[in-house]
Amino acid sequence: MKMDRQLIEAGYSVDLTSPSFLIINSCAITGKAEREAKQLIYQLRKKYPEAKIVLTGCAATLWKKYNTIDDKITDIIVPNDKKSSLCEQFIGSLGPAVSNRSGCQVGR
């Protein structure tokens, strides 16, 4: 099941004007893909400073493994092998106070 569908079924809604969190599925197949992923993260952090940034995908896994990502630009990193349970992990980390009233935007 797609992440956005899982979150909507969990009671979240899509809010493209002021999202509470953003999910970025990153790629590391080329250096260019990694640069573009980092640029996207920085752009979204600047545009939505209050939003939590959830990073997953190949680049997230690689960056976490080699500790090459600035912890200040992402809030949650979900390695690729844990992506299938990303929604459960993320919803659990938010706690009940945020559940059912947050917006989400699925990026990349």
# chains A, B, ... in the order shown; residues from 1 in each chain; ligands from 1
call {"tool": "select_by_dssp", "arguments": {"residues": "chain A", "states": "strand (DSSP E or B)", "output": "count of residues only"}}
result
23
call {"tool": "residues_around", "arguments": {"residues": "stretch 67-70 of chain A", "least_positions_apart": "6", "cutoff": "12 Å", "atoms": "only C-alpha atoms", "output": "VMD selection string"}}
result
chain A and resid 34 to 35 37 to 38 41 to 42 55 59 to 61 76 to 77
call {"tool": "write_last_selection", "arguments": {"atoms": "C-alpha atoms", "output": "mmCIF file, in the first residue's frame"}}
result
data_model
loop_
_atom_site.group_PDB
_atom_site.id
_atom_site.type_symbol
_atom_site.label_atom_id
_atom_site.label_comp_id
_atom_site.auth_asym_id
_atom_site.auth_seq_id
_atom_site.Cartn_x
_atom_site.Cartn_y
_atom_site.Cartn_z
ATOM 1 C CA GLU A 34 21.758 12.614 -4.189
ATOM 2 C CA ARG A 35 22.395 16.332 -4.808
ATOM 3 C CA ALA A 37 17.497 15.025 -2.912
ATOM 4 C CA LYS A 38 19.538 17.291 -0.628
ATOM 5 C CA ILE A 41 15.247 18.830 1.545
ATOM 6 C CA TYR A 42 16.793 22.282 1.961
ATOM 7 C CA LEU A 55 13.418 11.075 4.911
ATOM 8 C CA ALA A 59 20.005 8.044 -0.136
ATOM 9 C CA ALA A 60 18.575 8.240 3.387
ATOM 10 C CA THR A 61 19.927 4.765 4.101
ATOM 11 C CA ILE A 76 13.111 11.394 11.087
ATOM 12 C CA ILE A 77 15.219 9.103 8.893
#
call {"tool": "residues_around", "arguments": {"residues": "A:Ala33", "least_positions_apart": "4", "cutoff": "12 Å", "atoms": "only C-alpha atoms", "output": "PyMOL selection string"}}
result
chain A and resi 25-29+37-40+57-60+108
call {"tool": "residues_around", "arguments": {"residues": "A:Pro49", "least_positions_apart": "5", "cutoff": "12 Å", "atoms": "only C-alpha atoms", "output": "list in words"}}
result
Ser18, Pro19, Ser20, Phe21, Leu22, Ile41, Tyr42, Gln43, Leu44, Lys72, Ile73, Thr74 and Asp75 of chain A
call {"tool": "write_last_selection", "arguments": {"atoms": "all heavy atoms", "output": "compact mmCIF listing (two decimals), in the first residue's frame"}}
result
# COMPACT_ATOMS: atom_id res chain seq x y z
N SER A 18 0.28 24.36 4.27
CA SER A 18 1.06 24.38 5.51
C SER A 18 1.08 22.97 6.12
O SER A 18 0.45 22.72 7.15
CB SER A 18 0.51 25.40 6.51
OG SER A 18 -0.83 25.07 6.85
N PRO A 19 1.83 22.07 5.51
CA PRO A 19 1.86 20.69 6.00
C PRO A 19 2.55 20.57 7.36
O PRO A 19 3.47 21.32 7.66
CB PRO A 19 2.66 19.95 4.93
CG PRO A 19 3.48 21.00 4.28
CD PRO A 19 2.68 22.27 4.34
N SER A 20 2.09 19.62 8.15
CA SER A 20 2.73 19.33 9.43
C SER A 20 3.97 18.48 9.23
O SER A 20 4.89 18.52 10.03
CB SER A 20 1.77 18.60 10.35
OG SER A 20 0.67 19.40 10.65
N PHE A 21 3.96 17.68 8.19
CA PHE A 21 5.13 16.87 7.88
C PHE A 21 5.20 16.62 6.38
O PHE A 21 4.22 16.73 5.66
CB PHE A 21 5.14 15.56 8.66
CG PHE A 21 3.98 14.65 8.39
CD1 PHE A 21 4.05 13.69 7.39
CD2 PHE A 21 2.83 14.73 9.14
CE1 PHE A 21 2.99 12.84 7.15
CE2 PHE A 21 1.76 13.89 8.92
CZ PHE A 21 1.84 12.94 7.91
N LEU A 22 6.43 16.29 5.94
CA LEU A 22 6.69 15.99 4.53
C LEU A 22 7.49 14.70 4.48
O LEU A 22 8.42 14.51 5.26
CB LEU A 22 7.50 17.11 3.88
CG LEU A 22 6.82 18.47 3.94
CD1 LEU A 22 7.65 19.43 4.77
CD2 LEU A 22 6.60 19.00 2.57
N ILE A 41 15.38 18.75 0.08
CA ILE A 41 15.25 18.83 1.55
C ILE A 41 15.46 20.27 2.02
O ILE A 41 14.66 20.80 2.79
CB ILE A 41 16.24 17.88 2.23
CG1 ILE A 41 15.89 16.43 1.90
CG2 ILE A 41 16.24 18.11 3.75
CD1 ILE A 41 17.00 15.45 2.24
N TYR A 42 16.52 20.90 1.56
CA TYR A 42 16.79 22.28 1.96
C TYR A 42 15.69 23.23 1.50
O TYR A 42 15.28 24.13 2.25
CB TYR A 42 18.15 22.75 1.43
CG TYR A 42 19.32 22.19 2.20
CD1 TYR A 42 20.18 21.26 1.62
CD2 TYR A 42 19.57 22.58 3.51
CE1 TYR A 42 21.25 20.74 2.34
CE2 TYR A 42 20.63 22.07 4.22
CZ TYR A 42 21.46 21.14 3.64
OH TYR A 42 22.52 20.62 4.35
N GLN A 43 15.19 23.05 0.28
CA GLN A 43 14.11 23.90 -0.22
C GLN A 43 12.84 23.74 0.62
O GLN A 43 12.20 24.73 0.98
CB GLN A 43 13.79 23.57 -1.68
CG GLN A 43 14.86 24.00 -2.65
CD GLN A 43 14.66 23.39 -4.05
OE1 GLN A 43 13.74 22.61 -4.28
NE2 GLN A 43 15.55 23.75 -4.96
N LEU A 44 12.50 22.50 0.93
CA LEU A 44 11.29 22.26 1.72
C LEU A 44 11.45 22.74 3.15
O LEU A 44 10.51 23.26 3.75
CB LEU A 44 10.92 20.77 1.69
CG LEU A 44 10.45 20.26 0.32
CD1 LEU A 44 10.28 18.75 0.35
CD2 LEU A 44 9.17 20.95 -0.11
N LYS A 72 20.03 18.38 11.50
CA LYS A 72 19.15 19.54 11.65
C LYS A 72 18.18 19.71 10.48
O LYS A 72 17.20 20.41 10.60
CB LYS A 72 19.97 20.81 11.84
CG LYS A 72 20.76 20.80 13.12
CD LYS A 72 21.67 22.01 13.20
CE LYS A 72 22.56 21.85 14.42
NZ LYS A 72 23.85 22.41 14.26
N ILE A 73 18.49 19.10 9.34
CA ILE A 73 17.60 19.31 8.19
C ILE A 73 16.51 18.25 8.08
O ILE A 73 15.54 18.44 7.37
CB ILE A 73 18.36 19.42 6.85
CG1 ILE A 73 19.05 18.13 6.48
CG2 ILE A 73 19.33 20.59 6.89
CD1 ILE A 73 19.49 18.09 5.04
N THR A 74 16.67 17.13 8.78
CA THR A 74 15.62 16.11 8.79
C THR A 74 15.24 15.83 10.23
O THR A 74 16.05 15.98 11.15
CB THR A 74 16.08 14.80 8.13
OG1 THR A 74 17.20 14.30 8.83
CG2 THR A 74 16.42 15.00 6.67
N ASP A 75 14.01 15.42 10.42
CA ASP A 75 13.53 15.09 11.76
C ASP A 75 13.52 13.59 12.02
O ASP A 75 13.79 13.14 13.11
CB ASP A 75 12.13 15.67 11.97
CG ASP A 75 12.15 17.19 11.86
OD1 ASP A 75 12.73 17.83 12.75
OD2 ASP A 75 11.60 17.72 10.88
call {"tool": "atom_distance", "arguments": {"atom1": "atom CA of A:Glu9", "atom2": "atom CA of A:Lys46"}}
result
28.7 Å
call {"tool": "select_by_dssp", "arguments": {"residues": "chain A", "states": "helix (DSSP H, G or I)", "output": "ChimeraX atom specification"}}
result
/A:3-9,31-47,58-65,80-94
call {"tool": "atom_distance", "arguments": {"atom1": "atom CA of A:Lys64", "atom2": "atom CA of A:Lys47"}}
result
23.9 Å
call {"tool": "closest_residue", "arguments": {"among": "A:Ile24, A:Leu16, A:Glu88, A:Pro79", "to": "A:Val54", "atoms": "only C-alpha atoms"}}
result
A:Ile24
call {"tool": "closest_residue", "arguments": {"among": "A:Thr17, A:Lys65, A:Ile23, A:Leu86", "to": "A:Lys52", "atoms": "only C-alpha atoms"}}
result
A:Ile23
call {"tool": "closest_residue", "arguments": {"among": "A:Val78, A:Ser84, A:Asp15, A:Leu7", "to": "A:Tyr48", "atoms": "only C-alpha atoms"}}
result
A:Asp15
call {"tool": "atom_distance", "arguments": {"atom1": "atom CA of A:Ser85", "atom2": "atom CA of A:Ser13"}}
result
18.9 Å
